[in-house]
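Asker: First the structure, then my questions, so here it is.
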Amino acid sequence: MSSTVASTGTRHGTLGTSASRPDGVAKVQGGFAFSSDMWADNMLWGATLRSPHPYARITSIDVSGAYEIDGVSTVITAADVPGKLTYGLIMQDQPVFAAIGDTVRYSGEPVAAVAADHPETCQRALAAIKVIYEVLTPVTDPEDCISGVAEQIHPDGNIFRHQRIISGDTSIVGAIQVEGTYEIGMQDQAFLGLESALAVPDSGGHGLEMYVATQWLHEDRKQIADCLNMPEENIRLVLGGVGGAFGAREDISLQVHTALLAMKSGRPVRISYGREESFYGHVHRHPAKIWMKHHADTNGKIVKIEARMVFDGGAYCSTSPAVLVNGITHTQGPYKCENAIVDGWAVRTNNPPCGAMRGFGVVQACFAHESQMEKLAVAAGLSPVEIRLLNAMETGDRMITGQIMDSVAPVAQCIRETDAIPLPPPMSQDADLRTIPGGTGLTALPSNIKRGVGWGVSIKNLMYSEGFDDYSTARCRISEGVVTIKFATSEVGQGFTMLAQQIARTVLGVDDVFLDTIDTQVGSAGSTSASRQTWMSGGAVQAACRAALEQLFDHVATKNSMNRAELEIEGTDIVDRLTGQRVAVLAAIDGVDIDCTEEYHHPATEDMDENGQGNCHVAYAFVAHRAVVDVDLELGLVKVVQIATAQDVGRVLNPLSAMGQVEGGIAQGLGLAVMEEIIVKDGKVRNPSFTDYLLPTFLDAPTVEMVFIEEHEPKSPLGAKGIGEPPCISVTPAIANAIRQAVGRELPRVPIRPYDICL
Amino acid sequence: MPVLIPRNVDELVEVFQEHPQAKLLAGGTDYMVEVNLHGRKPETMISLRQVKELTEWSVRPSQSRITIGAAVPYADMEHGEIARLVPALAQAARTVGSPQIRAAGTLGGNLGTCSPAGDSLPVLAALGAMIHVIGPDGNRDIDFVDFMVGVKKNSLKPSEFVHSVSLPIIEGWQGYAKVGTRNAMVISTASACLVRDIDEGIVTIALGSVGPTIIRARDAEAWLTKSTSLRAGADLNPAVAQEFGRRVALESRPIDDHRSTADYRRHAVGVLAQRLLTRSFS
Ligand SMILES: Cc1cc2nc3c(=O)[nH]c(=O)nc-3n(C[C@H](O)[C@H](O)[C@H](O)COP(=O)(O)OP(=O)(O)OC[C@H]3O[C@@H](n4cnc5c(N)ncnc54)[C@H](O)[C@@H]3O)c2cc1C
């Protein structure tokens with residue numbers, strides 16, 4: 001790895017150093033308590049009964065058989081929901097349980113839940129519940145929803161959102177035109193730590209404490225409280241150990257069911273999904289179909305883009321409207337263009353519900369625009385690098401939404417720095433066969449293999465959009481000589497707990513920073529998503545620490561007769577710049593009692609109008625990827641050899657952690673390019689297991705050569721941009737373009753399957 | 001649930017006869033998935049781990065055969081003497097799952113499950129393995145072709161178990177190749193084992209994952225013997241290899257499922273046949 005991080009001279013553990021993670025040792029040694037490890041005395045186990053049909057009317061539910069089984073404590077159905085019968089992040093359209101007389105709208109939709117003394121008893125109880133369904137023909141084609149021929153499968157209709165963008169001069173016709181229709185399959189977040197929650201009812205029955213693996217504690221609490229018809233303050237949510245999220249924990253899954261079972265039984269209840277249930281229990285990445293037509297002048301400069309995007313949201317809304325807007329507003333990619341006609345649809349079908357996943361709508365748009373850039377390069381007689389440099393967006397450009405790019409936008413630099421990374425050596429004729437396509441299957445010899453190189457460049461919005469104030473809160477306490485930071489930010493594995501300590505060490509000049517429990521006993525932190533927590537919760541922690549520091553300076557100045565206005569932190573000392581007088585921070589905080597809570601709000605955004613115009617996004621980050629792949633043309637097998645990448649990160653706060661995000665994101669984007677897909681046929685998932693939902697292994701992972709572009713982002717509180725999503729976005733089309741180059745086919749769909757290449 | 005732990009083959013015969021419904025457990029890499037994922041509920045289990053004889057292998061040079069105990073794990077076949085004597089088996093063993101799975105999984109288990117995707121099975125078919133089984137009526141040797149009778153079906157009788165597998169040591173070339181959409185730890189979508197006996201001048205090829213059982217492409221084999229010399233020192237015309245691949249593909253009987261398509265499987269197995277044959281001459 002080559003990066004330009006200046007860590008020499010910086011105190012270890014502060015910002016810019018590879019500080020180690022507070023949860024690191026426990027996770028490596030196996031001592032870390034994930035939410036599925038939680039336990040309470042007198043605890044019952046919960047389990048969920050799900051519909052086997054994608055679309056069916058429930059005629060009756062008979063739970064009496066379940067109660068006859070020894071050890072069964074409680075059975076609940078829609079009739080037992082005391083509050084709101086539905087939940088959801090944007091629209092509350094998803095039933096807690098499908099009710100008698102109503103329909104189930106996807107295969108796997110919850111119908112009932114049980115609590116019993118043992119998971120095995122739960123399974124027997126579920127088998128004893130008799131549900132009679134009138135099976136209906138599922139609506140599975142999004143186009144039928146748009147044309148209106150499909151039956152309306154929900155009172156709110158089959159369209160979650162239709163949004164267009166009409167921008168600039170739409171009459172322009174380019175001398176060069178390229179077009180294509182692209183398809184993106186349904187990807188799963190496939191986090192390793194499965195869904196799990198433990199609910200402990202208060203003895204009086206008025207409140208509840210819940211331990212849950214989630215991305216946003218406060219939003220979960222709101223939705224749980226609504227369904228339970230309970231004041232929010234009666235519910236305390238504590239973050240259970242989270243093993244990955246990638247968007248799949250934004251929506252409610254088992255939270256309300258667990259809470260209801262605990263309230264009804266009066267005992268602690270835990271629900272933990274297995275892998276198969278997890279595939280039904282959370283939303284996935286939207287499968288999408290995108291048509292794009294680029295108009296360019298004779299030199300290859302883009303003059304207009306036309307596009308139509310269709311996102312299949314599945315049965316319930318989740319975040320579909322926001323995913324759609326992310327998709328259409330990123331139509332142009334990281335390229336200059338002011339003229340556009342874009343039509344976007346997010347629709348409801350009887351397919352599995354889709355929602356947030358790393359990249360959030362931009363993955364789909366990027367696959368289309370980067371496939372187009374490849375065609376444009378050929379049409380204009382330019383190389384993939386030349387066409388992208390020619391069109392590269394810059395700060396100050398007006399985008400198709402009318403928004404002015406006011407983030408640092410080093411697009412050309414990302415491309416140039418990536419291009420400067422040396423290509424890997426050609427495959428040697430005596431290469432270890434495990435490292436060539438086919439791997440351990442020994443299907444090929446090096447002579448059967450052809451190499452390809454491809455490019456992908458992307459732009460990704462950071463934080464929430466369209467007028468949403470997704471603020472974050474943090475609290476800094478200095479008491480009894482100890483600095484403690486508290487926040488409700490979900491640590492899902494990204495390393496925020498480590499970052500919070502780095503910020504506090506840097507701002508306050510202490511080495512030891514304690515972290516309070518992550519729960520709802522402090523203000524909301526917003527969601528751990530949208531590449532936002534480093535910026536947002538990092539901003540809040542910094543603000544709280546700075547506020548505490550001001551009070552500490554007041555105290556120190558008075559006590560030691562120092563010049564208040566001249567105080568600053570230098571290493572672990574407080575220094576009076578005028579006199580040079582020093583006090584060690586450790587000595588200074590002894591005996592003080594400081595407690596500061598601060599909120600961080602990002603610059604406001606606005607809704608878009610009917611023509612898709614408006615300053616709807618907060619900020620943007622960019623990245624370039626170059627993929628080198630080896631392809632067995634006859635068998636269609638692929639090995640990604642190398643990914644070179646230069647990413648616009650603002651500032652590297654923790655080199656090791658940044659590297660982890662980049663490598664992990666690339667593996668996820670590689671998965672989408674060549675193997676990861678939930679296969680849905682007639683509304684049913686065909687591969688709900690890791691036997692058949694294939695994730696890349698170490699032998700599939702490429703060498704990653706990365707460069708970080710550190711141009712501090714003035715809008716960001718730490719100068720850093722979110723780095724979580726960009727790595728997984730343009731790597732997918734980069735790999736696809738590399739395969740296309742080797743194979744000489746259009747390959748308009750990902751994942752690219754072996755038979756797409758060779759049959 | 002009782003778990004019976006016999007210490008030797010005699011005890012195993014005895015306990016299995018007393019408990020014909022009992023489930024044999026070797027590495028558990030197939031069966032524990034059945035229990036944990038598919039709700040299988042065994043009433044009695046018989047662990048094979050302590051039956052020393054089943055974990056041993058031996059070579060009888062006089063007969064040019066190697067005998068591998070049913071409970072020898074794949075990890076022991078990947079390298080060393082077994083790999084030297086039966087390289088195709090070593091290659092097949094290396095493609096099975098991950099190091100953890102190969103440390104536990106066994107030939108007996110692969111034969112017990114008898115999936116068309118079982119990686120050792122095409123090797124056993126191509127080499128003409130004899131499956132040595134023991135049961136209440138004593139011993140018998142079953143030709144692999146008669147052992148596997150359908151998708152996940154074998155011809156073991158109640159209380160019969162696989163003791164060992166006996167394979168010929170061939171003078172010539174042998175290789176296994178497996179197609180999957182991931183470069184490791186993947187269930188095969190098509191596989192093939194080719195054995196070229198340069199003394200006899202014959203080639204055998206067996207195909208996995210392209211039919212309800214492992215398929216020996218006998219017509220293609222016969223055509224090949226007529227079309228070219230397969231003995232030591234012979235040369236191969238590339239057109240012959242290509243035609244061989246085409247003929248092998250015709251003998252496959254694949255299906256469409258969520259892992260792949262019938263067309264791809266048929267195509268892939270033909271490519272594997274062509275490549276393996278070519279490799280056997282280089
Ligand atoms: C993650 C994972 C990856 C895998 N990858 C592969 C792969 O790539 N290729 C592949 O072929 N398989 C694979 N498998 C399946 C499995 O590992 C193999 O089939 C293995 O050979 C099973 O052996 P075992 O000893 O673990 O069998 P067990 O699970 O112990 O037994 C399997 C069956 O065989 C019976 N049995 C066991 N021993 C005998 C005996 N001596 N006589 C009669 N019956 C017996 C058992 O009763 C049971 O019905 C994988 C499994 C997992 C979990």
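Starting from 1 in every chain, residues are counted up; chains themselves are A, B, ... following the order of the structure tokens, and ligands are numbered from 1 as listed.
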Taking only C-alpha atoms into account and nothing else, which residues of chain A lie no more than 7 Å away from chain B? Please answer as a VMD selection string.
Answerer: chain A and resid 437 to 443 635 637 675 686 696 to 697 699 to 700 755
Asker: Enumerate as a ChimeraX atom specification the residues within 8 Å of ligand 1, counting only C-alpha atoms and all ligand atoms.
Answerer: /A:691 /B:23-33,48,54,70-71,73-74,93,95-98,101-102,104-115,117-121,133,156,160-164,185-188
Asker: Determine, counting only C-alpha atoms, which protein, DNA and RNA residues have an atom within 9 Å of an atom of Gln372 of chain A; residues of the same chain fewer than 3 positions away are not included. Present the result as a ChimeraX atom specification.
Answerer: /A:178-180,292-294,367-369,375-377
Asker: Would you put the residues from that selection into a file with N, CA and C atoms, as an mmCIF file, in the first residue's frame?
Answerer:
```
data_model
loop_
_atom_site.group_PDB
_atom_site.id
_atom_site.type_symbol
_atom_site.label_atom_id
_atom_site.label_comp_id
_atom_site.auth_asym_id
_atom_site.auth_seq_id
_atom_site.Cartn_x
_atom_site.Cartn_y
_atom_site.Cartn_z
ATOM 1 N N VAL A 178 -24.250 6.950 -27.444
ATOM 2 C CA VAL A 178 -24.105 5.536 -27.068
ATOM 3 C C VAL A 178 -25.209 5.209 -26.074
ATOM 4 N N GLU A 179 -25.714 3.998 -26.162
ATOM 5 C CA GLU A 179 -26.769 3.644 -25.210
ATOM 6 C C GLU A 179 -26.688 2.173 -24.818
ATOM 7 N N GLY A 180 -27.406 1.861 -23.774
ATOM 8 C CA GLY A 180 -27.443 0.478 -23.324
ATOM 9 C C GLY A 180 -28.480 0.308 -22.232
ATOM 10 N N MET A 292 -29.636 3.895 -20.401
ATOM 11 C CA MET A 292 -28.947 5.184 -20.475
ATOM 12 C C MET A 292 -28.520 5.459 -21.897
ATOM 13 N N LYS A 293 -28.598 6.732 -22.242
ATOM 14 C CA LYS A 293 -28.103 7.174 -23.544
ATOM 15 C C LYS A 293 -27.269 8.423 -23.314
ATOM 16 N N HIS A 294 -26.009 8.350 -23.724
ATOM 17 C CA HIS A 294 -25.123 9.508 -23.585
ATOM 18 C C HIS A 294 -24.976 10.199 -24.929
ATOM 19 N N PHE A 367 -22.968 1.467 -12.125
ATOM 20 C CA PHE A 367 -22.740 0.356 -13.055
ATOM 21 C C PHE A 367 -23.176 0.781 -14.461
ATOM 22 N N ALA A 368 -24.284 1.516 -14.531
ATOM 23 C CA ALA A 368 -24.781 1.946 -15.845
ATOM 24 C C ALA A 368 -23.869 3.025 -16.440
ATOM 25 N N HIS A 369 -23.550 4.087 -15.660
ATOM 26 C CA HIS A 369 -22.784 5.162 -16.313
ATOM 27 C C HIS A 369 -21.362 4.745 -16.643
ATOM 28 N N LYS A 375 -18.292 2.533 -23.579
ATOM 29 C CA LYS A 375 -18.791 2.614 -24.958
ATOM 30 C C LYS A 375 -18.451 3.967 -25.574
ATOM 31 N N LEU A 376 -18.543 5.004 -24.748
ATOM 32 C CA LEU A 376 -18.255 6.355 -25.238
ATOM 33 C C LEU A 376 -16.783 6.476 -25.642
ATOM 34 N N ALA A 377 -15.925 5.862 -24.839
ATOM 35 C CA ALA A 377 -14.493 5.904 -25.152
ATOM 36 C C ALA A 377 -14.243 5.300 -26.534
#
```
Asker: Show me, as a ChimeraX atom specification, the residues that have an atom within 9 Å of Cys545 of chain A when counting only C-alpha atoms, minus same-chain residues fewer than 4 positions from it.
Answerer: /A:474-477,485,503-504,507-508,540-541,549-550,596-598
Asker: Put those residues in a file: N, CA and C atoms, as an mmCIF file, in the first residue's frame.
Answerer:
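Heads up, here's the output in again.cif:
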```cif
data_model
loop_
_atom_site.group_PDB
_atom_site.id
_atom_site.type_symbol
_atom_site.label_atom_id
_atom_site.label_comp_id
_atom_site.auth_asym_id
_atom_site.auth_seq_id
_atom_site.Cartn_x
_atom_site.Cartn_y
_atom_site.Cartn_z
ATOM 1 N N ALA A 474 -23.188 13.949 21.116
ATOM 2 C CA ALA A 474 -22.159 13.283 21.929
ATOM 3 C C ALA A 474 -21.990 14.026 23.248
ATOM 4 N N ARG A 475 -21.521 13.303 24.231
ATOM 5 C CA ARG A 475 -21.349 13.871 25.559
ATOM 6 C C ARG A 475 -19.921 13.599 26.012
ATOM 7 N N CYS A 476 -19.284 14.626 26.567
ATOM 8 C CA CYS A 476 -17.934 14.456 27.108
ATOM 9 C C CYS A 476 -17.964 14.832 28.574
ATOM 10 N N ARG A 477 -17.555 13.901 29.408
ATOM 11 C CA ARG A 477 -17.500 14.179 30.844
ATOM 12 C C ARG A 477 -16.069 14.044 31.332
ATOM 13 N N ILE A 485 -16.510 9.449 27.158
ATOM 14 C CA ILE A 485 -17.297 9.912 26.012
ATOM 15 C C ILE A 485 -18.532 9.030 25.896
ATOM 16 N N ILE A 503 -10.300 11.084 18.650
ATOM 17 C CA ILE A 503 -10.687 12.501 18.663
ATOM 18 C C ILE A 503 -10.470 13.079 20.062
ATOM 19 N N ALA A 504 -10.937 12.352 21.085
ATOM 20 C CA ALA A 504 -10.816 12.856 22.455
ATOM 21 C C ALA A 504 -9.351 12.993 22.859
ATOM 22 N N VAL A 507 -8.054 16.174 20.958
ATOM 23 C CA VAL A 507 -8.580 17.465 21.414
ATOM 24 C C VAL A 507 -8.157 17.742 22.854
ATOM 25 N N LEU A 508 -8.223 16.722 23.711
ATOM 26 C CA LEU A 508 -8.040 16.959 25.145
ATOM 27 C C LEU A 508 -6.619 16.678 25.642
ATOM 28 N N ALA A 540 -19.726 15.545 16.336
ATOM 29 C CA ALA A 540 -20.357 15.732 17.641
ATOM 30 C C ALA A 540 -19.365 15.456 18.776
ATOM 31 N N VAL A 541 -18.576 14.402 18.631
ATOM 32 C CA VAL A 541 -17.594 14.081 19.681
ATOM 33 C C VAL A 541 -16.563 15.213 19.773
ATOM 34 N N LEU A 549 -13.115 21.186 26.786
ATOM 35 C CA LEU A 549 -11.779 21.777 26.854
ATOM 36 C C LEU A 549 -11.853 23.259 27.240
ATOM 37 N N GLU A 550 -12.850 23.959 26.696
ATOM 38 C CA GLU A 550 -13.013 25.376 27.034
ATOM 39 C C GLU A 550 -13.190 25.539 28.549
ATOM 40 N N CYS A 596 -20.318 18.055 29.181
ATOM 41 C CA CYS A 596 -20.812 18.800 28.023
ATOM 42 C C CYS A 596 -21.457 17.878 27.015
ATOM 43 N N THR A 597 -22.649 18.221 26.593
ATOM 44 C CA THR A 597 -23.310 17.474 25.522
ATOM 45 C C THR A 597 -23.480 18.409 24.328
ATOM 46 N N GLU A 598 -23.098 17.945 23.176
ATOM 47 C CA GLU A 598 -23.180 18.789 21.973
ATOM 48 C C GLU A 598 -23.838 18.019 20.833
#
```
Asker: Show which residues sit within 7 Å of segment 253-256 of chain B, as a compact mmCIF listing (two decimals) with N, CA, C and O atoms, in the first residue's frame. Count only C-alpha atoms, and ignore same-chain residues fewer than 6 positions away.
Answerer:
```txt
# COMPACT_ATOMS: atom_id res chain seq x y z
N VAL B 210 -23.37 -33.55 -13.47
CA VAL B 210 -24.06 -33.39 -14.76
C VAL B 210 -25.06 -34.52 -15.00
O VAL B 210 -25.39 -34.84 -16.14
N GLY B 211 -25.56 -35.11 -13.93
CA GLY B 211 -26.54 -36.18 -14.06
C GLY B 211 -26.90 -36.66 -12.67
O GLY B 211 -26.32 -36.21 -11.68
N ALA B 262 -28.34 -26.13 -17.50
CA ALA B 262 -27.98 -27.40 -18.12
C ALA B 262 -27.01 -27.15 -19.28
O ALA B 262 -26.02 -27.87 -19.45
N ARG B 265 -23.52 -26.46 -18.01
CA ARG B 265 -22.90 -27.67 -17.45
C ARG B 265 -22.42 -28.61 -18.56
O ARG B 265 -21.33 -29.16 -18.50
N ARG B 266 -23.26 -28.77 -19.58
CA ARG B 266 -22.91 -29.66 -20.68
C ARG B 266 -21.67 -29.12 -21.39
O ARG B 266 -20.72 -29.85 -21.67
```
Asker: Fewer than 5 positions away in the same chain doesn't count, so skip those; otherwise give me all residues within 12 Å of Ala736 of chain A, counting only C-alpha atoms, as a ChimeraX atom specification.
Answerer: /A:182,184,366-368,370-372,374,452-456,625-631,638-640,669-675,730-731,741-753,756-757
Asker: List as JSON, numbers by chain the protein and nucleic acid residues near His206 of chain A, meaning an atom at most 9 Å away when only C-alpha atoms are counted, but skip any in the same chain fewer than 4 places from it.
Answerer: {"A": [201, 202, 230, 234, 263]}
Asker: Can you spit out the residues from that selection as a CSV table (one decimal), in the first residue's frame, using C-alpha atoms?
Answerer:
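Dumped everything to out.csv:
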```
chain,number,residue,atom,x,y,z
A,201,PRO,CA,-39.5,-6.1,30.5
A,202,ASP,CA,-39.6,-3.9,33.6
A,230,MET,CA,-45.7,3.0,24.9
A,234,ASN,CA,-40.1,4.0,28.9
A,263,MET,CA,-44.2,-7.6,27.3
```
Asker: Return as a ChimeraX atom specification the full set of residues in segment 59-282 of chain B whose backbone-based DSSP assignment is helix (DSSP H, G or I).
Answerer: /B:61-63,75-78,80-85,87-95,99-104,107-113,121-127,144-147,218-227,238-251,262-280
Asker: With distances taken over only C-alpha atoms, which residue among B:Ala206, B:Ile82, B:Ala126, B:Ile215 lies nearest Val149 of chain B?
Answerer: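 Smallest separation from Val149 of chain B among the options: B:Ile215.
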